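In what follows, a single structure is set out as structure tokens and then discussed.
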Amino acid sequence: MKVKHITSTNTLKAIGATLLNSCILLSLISPVMAATSRGGDGDKGNVITLMQFSDLHGKMIPHQDIFPGNRASANSGGLAKVATMVKRIRNDNPNSLLLNVGDTTHGTAEANFTLGEALMPGVNELGIDVMVPGNWDFGYGPAVFRNRFTGTNIPLSPNNRTTLSATKAGCEISAPTCSVTPANFDVVAVNLYNYNEATGQRGGRVLPPYVIKQVGKVKVGIIGITADMVPQQAQAFNIGLRFTMGYEDHELPAMIKEARKNGAKLIVVISELGLAKDIQIAKEIKGIDVMFSGHTHEQTVEPIIIKHQDNGFTIVTEAGEDQFLGRLDIEMNRDGIDNYNWELIEIDETVPEDPAMKAIVDESRKTFVAGPDFTCHTFGPGGFAFGEGHTLCDPLETVIGKTETTLERWDVLEDESNNMMTTAFLKTALNSIPNATLDNTLTTTNGFRFDTVLLGEGTPLSGGGTASGDITLGELYAYYPNGAALAATEFSGGRLKEAWEGILKIVFYPQPFLQRGGWFLGYSENMHFDLDLIEGPLSASQGRILNLTINGNKFDESKIYNVLSCYPHGNPIDEVCRTTGARNLRFLAGQQQADGTVTPPYTLVQPRNTEDILNPLRRPIILPVAPKNFVHPINVVREYLKENVVTEANVRTGRVTPIGGVPVSDYAPNIIQPVQGAGPKWMKRN
């Protein structure tokens with residue numbers, strides 16, 4: 001098969017802002033591709049364009065970000081800018097598909113307080129052709145997921161209807177048919193199955209495994225693989241569902257053969273397994289032409305080409321979050337792919353917002369911003385009664401703090417944003433837990449990677465001017481967009497170290513199918529780790545953690561430590577922030593105000609329920625564990641920011657030190673989580 005790879009470029013930035021004229025954009029396609037699309041030397045209709053849109057994470061409006069080359073922008077991403085670029089590419093080549101690689105309806109306050117409902121008018125207007133769900137698209141529970149993505153209509157619990165009522169008319173408690181807006185596009189997943197909780201039997205697939213789309217003269221088969229890590233998150237996400245990795249013979253291999261038999265000339269897999277697993281699948285399973293990867297938020301400026309023994313190849317790409325849109329132009333011949341071109345397009349301040357999409361977004365957000373339509377919003381976690389839960393009563397544009405240094409959450413081991421949060425948690429822990437000291441108390445937070453960047457005051461902006469350093473309430477919610485409660489627990493030092501070794505193992509496992517796309521926890525400033533990521537797994541008596549101290553003293557595995565961290569509603573009471581084995585769990589509770597918000601002073605209270613918390617065979621399925629006036633992580637960080645400006649000194653990295661460094665990815669130095677893991681070569685899978 002003749003193949004010519006046209007070198008990938010970030011065309012938008014290379015040419016500059018004038019590129020945004022769609023006529024100029026057309027001329028920038030490679031000569032071979034442009035001639036073919038115009039019906040010149042090639043056959044019109046054999047050049048198709050695949051757009052990769054990944055990991056929106058609820059970001060409806062433009063936000064701050066940092067692009068390659070350390071270029072800071074105060075006005076990037078968001079649905080209206082993405083819509084502009086999608087329309088331009090479609091005008092350039094009508095023979096195109098927009099493929100959404102998951103994690104769309106979760107990640108901001110607007111998403112969380114409406115179960116993702118605020119996103120759906122805009123997402124449905126974008127013109128997505130096919131989507132695969134991401135792990136956070138399950139974050140509101142299976143009833144919401146099924147109603148949104150499978151075309152079913154399962155009654156929602158009263159607390160869910162309350163969550164929707166401030167956004168969607170007719171969703172009061174008396175409305176038994178109240179539901180979320182369904183997706184108007186195809187949703188596929190080869191590895192998501194029904195599960196009967198009563199019999200313990202796995203049933204058929206929840207979603208179609210693939211669809212075939214006619215694009216010009218080419219039939220394209222699109223197969224979905226959803227995230228396999230959902231069961232490792234809050235247990236409530238997983239009720240009535242079971243997940244695999246999709247590589248069994250009856251899954252991806254069989255669906256590739258079936259799609260080919262049904263006429264598909266091009267096989268595209270859209271996968272939320274993460275880049276490491278997706279590369280390995282592309283190596284081991286025959287017949288994949290294109291692999292659009294998501295979940296790990298990596299940015300493949302150049303495509304990753306997996307070559308096969310039969311001289312075929314698979315193109316693997318990942319397109320970051322909403323501040324990028326991937327474009328893959330493919331010229332087909334009778335044998336398959338003839339030429340291709342990949343662009344990772346930056347959605348920055350030079351891209352205007354599409355007016356029609358902006359109007360939809362503004363309408364969906366009107367109850368969250370200052371004005372006559374603003375209202376309080378309550379997120380009612382499972383088991384809470386009508387109207388109860390974490391409450392928001394301030395517009396999202398409210399400035400609640402200041403930062404002199406840039407905060408981001410990209411690194412695999414440690415970052416400034418988690419350091420800020422755990423610093424705020426530690427101050428609260430020392431004031432709230434009896435006998436808490438810097439020697440016996442630590443705080444952790446989830447190693448989420450999705451967020452918006454908060455640029456430090458005075459940071460030069462590529463669009464001119466400098467960043468204000470203001471932190472708004474909406475930006476803070478992007479750092480902690482779920483409904484978790486803060487809980488104080490006790491752990492033995494041995495159990496904590498064992499759990500942390502386990503996290504490092506799955507983040508850096510050299511065998512991709514045992515690796516988990518994710519990152520280390522965030523730790524308070526009185527903690528310090530020295531890690532050996534390279535040779536640590538070789539030693540029978542030493543893991544990856546070489547040296548661990550708290551407040552400068554050696555961490556004692558026989559000692560009992562206080563830990564303040566997050567509790568996902570519905571989980572057993574021995575678990576906080578990806579760590580099991582907790583004892584004496586108590587919730588941080590505040591003073592509940594008339595508007596439902598919770599304020600200091602904080603006290604510790606016992607769980608409302610301690611046994612049989614999650615029981616799918618009982619109603620209600622989830623018993624409430626936290627008190628009505630539970631403290632959310634955002635509450636604590638807001639109080640901290642009232643008294644503290646964020647500086648480089650109080651969030652600087654260095655709490656985690658990898659002795660010998662972190663390996664550079666095998667495929668590109670800008671890929672943050674090394675896809676080959678870290679450890680001895682003999683542990684790898686070829």
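Residue numbering restarts at 1 for every chain of the structure tokens, chains are lettered A, B, ... in their displayed order, and ligands are numbered from 1 as they appear.
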Problem - Residues near region 483-492 of chain A, cut-off 6 Å, only C-alpha atoms, skip fewer than 2 positions along chain, as a list in words - result: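 Non-adjacent residues within range: Gly494, Arg495, Lys559, Ile560, Tyr561, Asn562, Val563, Leu564, Ser565, Cys566, Tyr567, Pro568, Ala582, Arg583, Asn584, Leu585, Arg586, Phe587, Leu588, Val631 and His632 of chain A.
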Practice task
Within 12 Å of Asp310 (chain A), counting only C-alpha atoms, which residues show up once you throw out same-chain ones fewer than 3 positions away? Write them as a list in words, please.
Solution key: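 Returned residues: Met1, Lys286, Gly287, Ile306, Lys307, Phe313 and Thr314 of chain A.
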Practice task
as a ChimeraX atom specification, list the residues of region 458-571 of chain A assigned to strand (DSSP E) by DSSP on the backbone atoms of this structure.
Solution key: /A:470-472,485-492,522-523,527-531,545-550,553-554,560-567
Include C-alpha atoms and write out the residues we just selected as a PDB file, in the first residue's frame.
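In the end it all went to out_27.pdb:
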ATOM      1  CA  ASP A 470      -8.167  36.835  40.234  1.00  0.00           C
ATOM      2  CA  ILE A 471      -9.661  33.474  41.190  1.00  0.00           C
ATOM      3  CA  THR A 472     -13.376  33.214  40.541  1.00  0.00           C
ATOM      4  CA  ALA A 485     -17.754  15.690  51.540  1.00  0.00           C
ATOM      5  CA  LEU A 486     -14.670  16.370  53.660  1.00  0.00           C
ATOM      6  CA  ALA A 487     -14.082  13.699  56.274  1.00  0.00           C
ATOM      7  CA  ALA A 488     -11.577  13.243  59.097  1.00  0.00           C
ATOM      8  CA  THR A 489     -10.280   9.694  59.480  1.00  0.00           C
ATOM      9  CA  GLU A 490      -7.546   7.702  61.178  1.00  0.00           C
ATOM     10  CA  PHE A 491      -5.116   5.418  59.330  1.00  0.00           C
ATOM     11  CA  SER A 492      -2.161   3.356  60.355  1.00  0.00           C
ATOM     12  CA  GLY A 522      -2.063  15.699  46.300  1.00  0.00           C
ATOM     13  CA  TYR A 523      -0.418  15.952  49.745  1.00  0.00           C
ATOM     14  CA  MET A 527       4.665  15.585  53.794  1.00  0.00           C
ATOM     15  CA  HIS A 528       7.695  14.665  51.689  1.00  0.00           C
ATOM     16  CA  PHE A 529       8.320  11.675  49.416  1.00  0.00           C
ATOM     17  CA  ASP A 530      11.518  10.501  47.727  1.00  0.00           C
ATOM     18  CA  LEU A 531      10.577   8.058  44.966  1.00  0.00           C
ATOM     19  CA  ILE A 545       8.808   5.055  48.001  1.00  0.00           C
ATOM     20  CA  LEU A 546      12.415   5.337  49.192  1.00  0.00           C
ATOM     21  CA  ASN A 547      11.986   7.911  51.928  1.00  0.00           C
ATOM     22  CA  LEU A 548       8.840   9.340  53.506  1.00  0.00           C
ATOM     23  CA  THR A 549       8.661  12.019  56.187  1.00  0.00           C
ATOM     24  CA  ILE A 550       6.001  14.034  57.967  1.00  0.00           C
ATOM     25  CA  ASN A 553      10.319  13.152  60.918  1.00  0.00           C
ATOM     26  CA  LYS A 554      10.458   9.638  59.514  1.00  0.00           C
ATOM     27  CA  ILE A 560      -1.967   6.188  63.784  1.00  0.00           C
ATOM     28  CA  TYR A 561      -2.277   9.346  61.685  1.00  0.00           C
ATOM     29  CA  ASN A 562      -5.157  11.786  61.222  1.00  0.00           C
ATOM     30  CA  VAL A 563      -6.129  12.231  57.566  1.00  0.00           C
ATOM     31  CA  LEU A 564      -8.539  14.899  56.284  1.00  0.00           C
ATOM     32  CA  SER A 565      -9.674  14.045  52.778  1.00  0.00           C
ATOM     33  CA  CYS A 566     -12.703  13.629  50.507  1.00  0.00           C
ATOM     34  CA  TYR A 567     -15.511  11.096  50.886  1.00  0.00           C
TER      35      TYR A 567
END
Handout entry: Residues near region 53-69 of chain A, cut-off 8 Å, only C-alpha atoms, skip fewer than 6 positions along chain, as a ChimeraX atom specification
Key = /A:75-81,98-108,110-111,116,119,294-295,297,318-326,346,361,450,452-455
Residue set, region 331-569 of chain A restricted to alpha helix (DSSP H), as a CSV table (one decimal) with N, CA and C atoms, in the first residue's frame:
chain,number,residue,atom,x,y,z
A,355,PRO,N,-21.7,33.0,17.3
A,355,PRO,CA,-22.8,33.7,18.0
A,355,PRO,C,-24.0,32.8,18.4
A,356,ALA,N,-24.3,31.9,17.5
A,356,ALA,CA,-25.5,31.0,17.8
A,356,ALA,C,-25.2,30.1,19.0
A,357,MET,N,-24.0,29.5,19.1
A,357,MET,CA,-23.7,28.7,20.2
A,357,MET,C,-23.5,29.5,21.5
A,358,LYS,N,-23.0,30.7,21.4
A,358,LYS,CA,-22.8,31.6,22.6
A,358,LYS,C,-24.2,31.9,23.2
A,359,ALA,N,-25.2,32.1,22.3
A,359,ALA,CA,-26.5,32.4,22.8
A,359,ALA,C,-27.1,31.2,23.6
A,360,ILE,N,-26.8,30.0,23.1
A,360,ILE,CA,-27.3,28.8,23.7
A,360,ILE,C,-26.6,28.6,25.1
A,361,VAL,N,-25.3,28.8,25.1
A,361,VAL,CA,-24.5,28.7,26.3
A,361,VAL,C,-25.0,29.8,27.4
A,362,ASP,N,-25.2,31.0,26.9
A,362,ASP,CA,-25.6,32.0,27.8
A,362,ASP,C,-27.0,31.7,28.4
A,363,GLU,N,-27.9,31.2,27.6
A,363,GLU,CA,-29.2,30.8,28.1
A,363,GLU,C,-29.1,29.7,29.2
A,364,SER,N,-28.2,28.7,28.9
A,364,SER,CA,-28.0,27.6,29.8
A,364,SER,C,-27.4,28.0,31.1
A,365,ARG,N,-26.6,29.1,31.1
A,365,ARG,CA,-25.9,29.5,32.3
A,365,ARG,C,-26.5,30.6,33.1
A,416,GLU,N,0.8,22.6,41.5
A,416,GLU,CA,0.5,23.7,42.4
A,416,GLU,C,-1.0,23.8,42.8
A,417,SER,N,-1.9,23.4,42.0
A,417,SER,CA,-3.3,23.5,42.4
A,417,SER,C,-3.6,22.5,43.5
A,418,ASN,N,-3.2,21.3,43.4
A,418,ASN,CA,-3.4,20.3,44.5
A,418,ASN,C,-2.7,20.8,45.8
A,419,ASN,N,-1.5,21.4,45.6
A,419,ASN,CA,-0.8,21.9,46.8
A,419,ASN,C,-1.6,23.0,47.5
A,420,MET,N,-2.2,23.9,46.7
A,420,MET,CA,-3.1,24.9,47.3
A,420,MET,C,-4.2,24.3,48.1
A,421,MET,N,-4.9,23.3,47.5
A,421,MET,CA,-6.0,22.7,48.2
A,421,MET,C,-5.6,22.0,49.5
A,422,THR,N,-4.6,21.2,49.4
A,422,THR,CA,-4.2,20.5,50.6
A,422,THR,C,-3.7,21.4,51.7
A,423,THR,N,-3.1,22.5,51.3
A,423,THR,CA,-2.7,23.5,52.3
A,423,THR,C,-3.9,24.1,53.0
A,424,ALA,N,-4.9,24.3,52.3
A,424,ALA,CA,-6.2,24.8,52.9
A,424,ALA,C,-6.8,23.7,53.8
A,425,PHE,N,-6.8,22.5,53.3
A,425,PHE,CA,-7.3,21.4,54.1
A,425,PHE,C,-6.5,21.2,55.4
A,426,LEU,N,-5.2,21.4,55.4
A,426,LEU,CA,-4.4,21.2,56.6
A,426,LEU,C,-4.7,22.2,57.6
A,427,LYS,N,-4.8,23.4,57.2
A,427,LYS,CA,-5.2,24.5,58.2
A,427,LYS,C,-6.5,24.1,58.9
A,428,THR,N,-7.5,23.7,58.1
A,428,THR,CA,-8.8,23.3,58.7
A,428,THR,C,-8.6,22.1,59.6
A,429,ALA,N,-7.8,21.1,59.2
A,429,ALA,CA,-7.6,19.9,60.0
A,429,ALA,C,-7.0,20.2,61.4
A,430,LEU,N,-6.0,21.1,61.4
A,430,LEU,CA,-5.4,21.5,62.6
A,430,LEU,C,-6.3,22.2,63.6
A,431,ASN,N,-7.3,22.9,63.0
A,431,ASN,CA,-8.3,23.7,63.8
A,431,ASN,C,-9.5,22.8,64.2
A,432,SER,N,-9.7,21.7,63.5
A,432,SER,CA,-10.9,20.9,63.7
A,432,SER,C,-10.8,19.6,64.4
A,473,LEU,N,-15.2,32.0,41.6
A,473,LEU,CA,-15.8,30.8,42.2
A,473,LEU,C,-15.9,29.7,41.1
A,474,GLY,N,-16.3,30.1,39.9
A,474,GLY,CA,-16.4,29.1,38.8
A,474,GLY,C,-15.1,28.4,38.5
A,475,GLU,N,-14.0,29.1,38.5
A,475,GLU,CA,-12.7,28.5,38.3
A,475,GLU,C,-12.4,27.5,39.4
A,476,LEU,N,-12.7,27.9,40.7
A,476,LEU,CA,-12.4,27.0,41.8
A,476,LEU,C,-13.2,25.7,41.7
A,477,TYR,N,-14.5,25.8,41.2
A,477,TYR,CA,-15.3,24.6,41.1
A,477,TYR,C,-14.7,23.7,40.0
A,478,ALA,N,-14.0,24.2,39.0
A,478,ALA,CA,-13.4,23.4,38.0
A,478,ALA,C,-12.3,22.5,38.7
A,479,TYR,N,-11.8,22.9,39.8
A,479,TYR,CA,-10.8,22.1,40.5
A,479,TYR,C,-11.4,21.0,41.3
A,493,GLY,N,0.0,4.1,59.7
A,493,GLY,CA,1.0,4.5,58.7
A,493,GLY,C,1.3,3.5,57.7
A,494,GLY,N,1.3,2.2,58.1
A,494,GLY,CA,1.5,1.1,57.2
A,494,GLY,C,0.5,1.0,56.1
A,495,ARG,N,-0.8,1.2,56.5
A,495,ARG,CA,-1.9,1.1,55.5
A,495,ARG,C,-1.7,2.3,54.5
A,496,LEU,N,-1.4,3.5,55.0
A,496,LEU,CA,-1.3,4.6,54.1
A,496,LEU,C,-0.1,4.4,53.1
A,497,LYS,N,1.0,3.9,53.6
A,497,LYS,CA,2.1,3.7,52.7
A,497,LYS,C,1.8,2.6,51.6
A,498,GLU,N,1.1,1.5,52.1
A,498,GLU,CA,0.7,0.5,51.2
A,498,GLU,C,-0.2,1.0,50.1
A,499,ALA,N,-1.2,1.9,50.5
A,499,ALA,CA,-2.1,2.5,49.5
A,499,ALA,C,-1.4,3.3,48.5
A,500,TRP,N,-0.4,4.1,49.0
A,500,TRP,CA,0.3,5.0,48.1
A,500,TRP,C,1.2,4.3,47.2
A,501,GLU,N,1.8,3.2,47.6
A,501,GLU,CA,2.6,2.3,46.7
A,501,GLU,C,1.7,1.8,45.6
A,502,GLY,N,0.4,1.4,46.0
A,502,GLY,CA,-0.5,0.8,45.1
A,502,GLY,C,-0.9,1.9,44.0
A,503,ILE,N,-1.0,3.1,44.4
A,503,ILE,CA,-1.3,4.2,43.4
A,503,ILE,C,-0.2,4.4,42.4
A,504,LEU,N,1.0,4.4,43.0
A,504,LEU,CA,2.2,4.6,42.1
A,504,LEU,C,2.3,3.4,41.2
A,505,LYS,N,2.0,2.2,41.6
A,505,LYS,CA,2.1,1.0,40.8
A,505,LYS,C,1.2,1.1,39.6
A,506,ILE,N,-0.1,1.5,39.8
A,506,ILE,CA,-1.0,1.5,38.6
A,506,ILE,C,-0.7,2.7,37.7
A,507,VAL,N,-0.2,3.8,38.2
A,507,VAL,CA,0.1,5.0,37.4
A,507,VAL,C,1.3,4.7,36.5
A,508,PHE,N,2.3,4.0,37.0
A,508,PHE,CA,3.6,3.8,36.3
A,508,PHE,C,3.8,2.3,35.9
Practice task
In Å, rounded to a single decimal, give me how far CA of Gly517 (chain A) is from CA of Gly447 (chain A).
Solution key: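 Taking CA of Gly447 (chain A) and CA of Gly517 (chain A), their separation equals 10.7 Å.
Excluding Glu639 (chain A) itself and any same-chain residue fewer than 2 positions from it, the protein and nucleic acid residues within 10 Å of it, counting only C-alpha atoms, are Ile400, Gly401, Ala424, Thr428, Thr599, Pro600, Ile634, Asn635, Val636, Val637, Leu641, Lys642, Glu643 and Asn644 of chain A.
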Exercise for the section: Extract, using only C-alpha atoms, all DNA, RNA and protein residues at most 9 Å from Ile281 (chain A), discarding same-chain residues fewer than 5 positions from it, and format them as number ranges by chain. Expected result: A: 247, 276, 286, 513
Handout entry: Nearest-residue call for Glu535 (chain A), choices A:Pro616, A:Gly590, A:Pro624, A:Pro510, using only C-alpha atoms
Key = A:Pro510
Practice task
Determine, counting only C-alpha atoms, which protein, DNA and RNA residues have an atom within 9 Å of an atom of region 661-663 of chain A; residues of the same chain fewer than 5 positions away are not included. Present the result as a PyMOL selection string.
Solution key: chain A and resi 531-534+673-674+676-678
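From CA of Pro142 (chain A) back to CA of Pro158 (chain A), the distance works out to 15.2 Å.
Between CA of Gly371 (chain A) and CA of Val399 (chain A) there is a distance of 16.0 Å.
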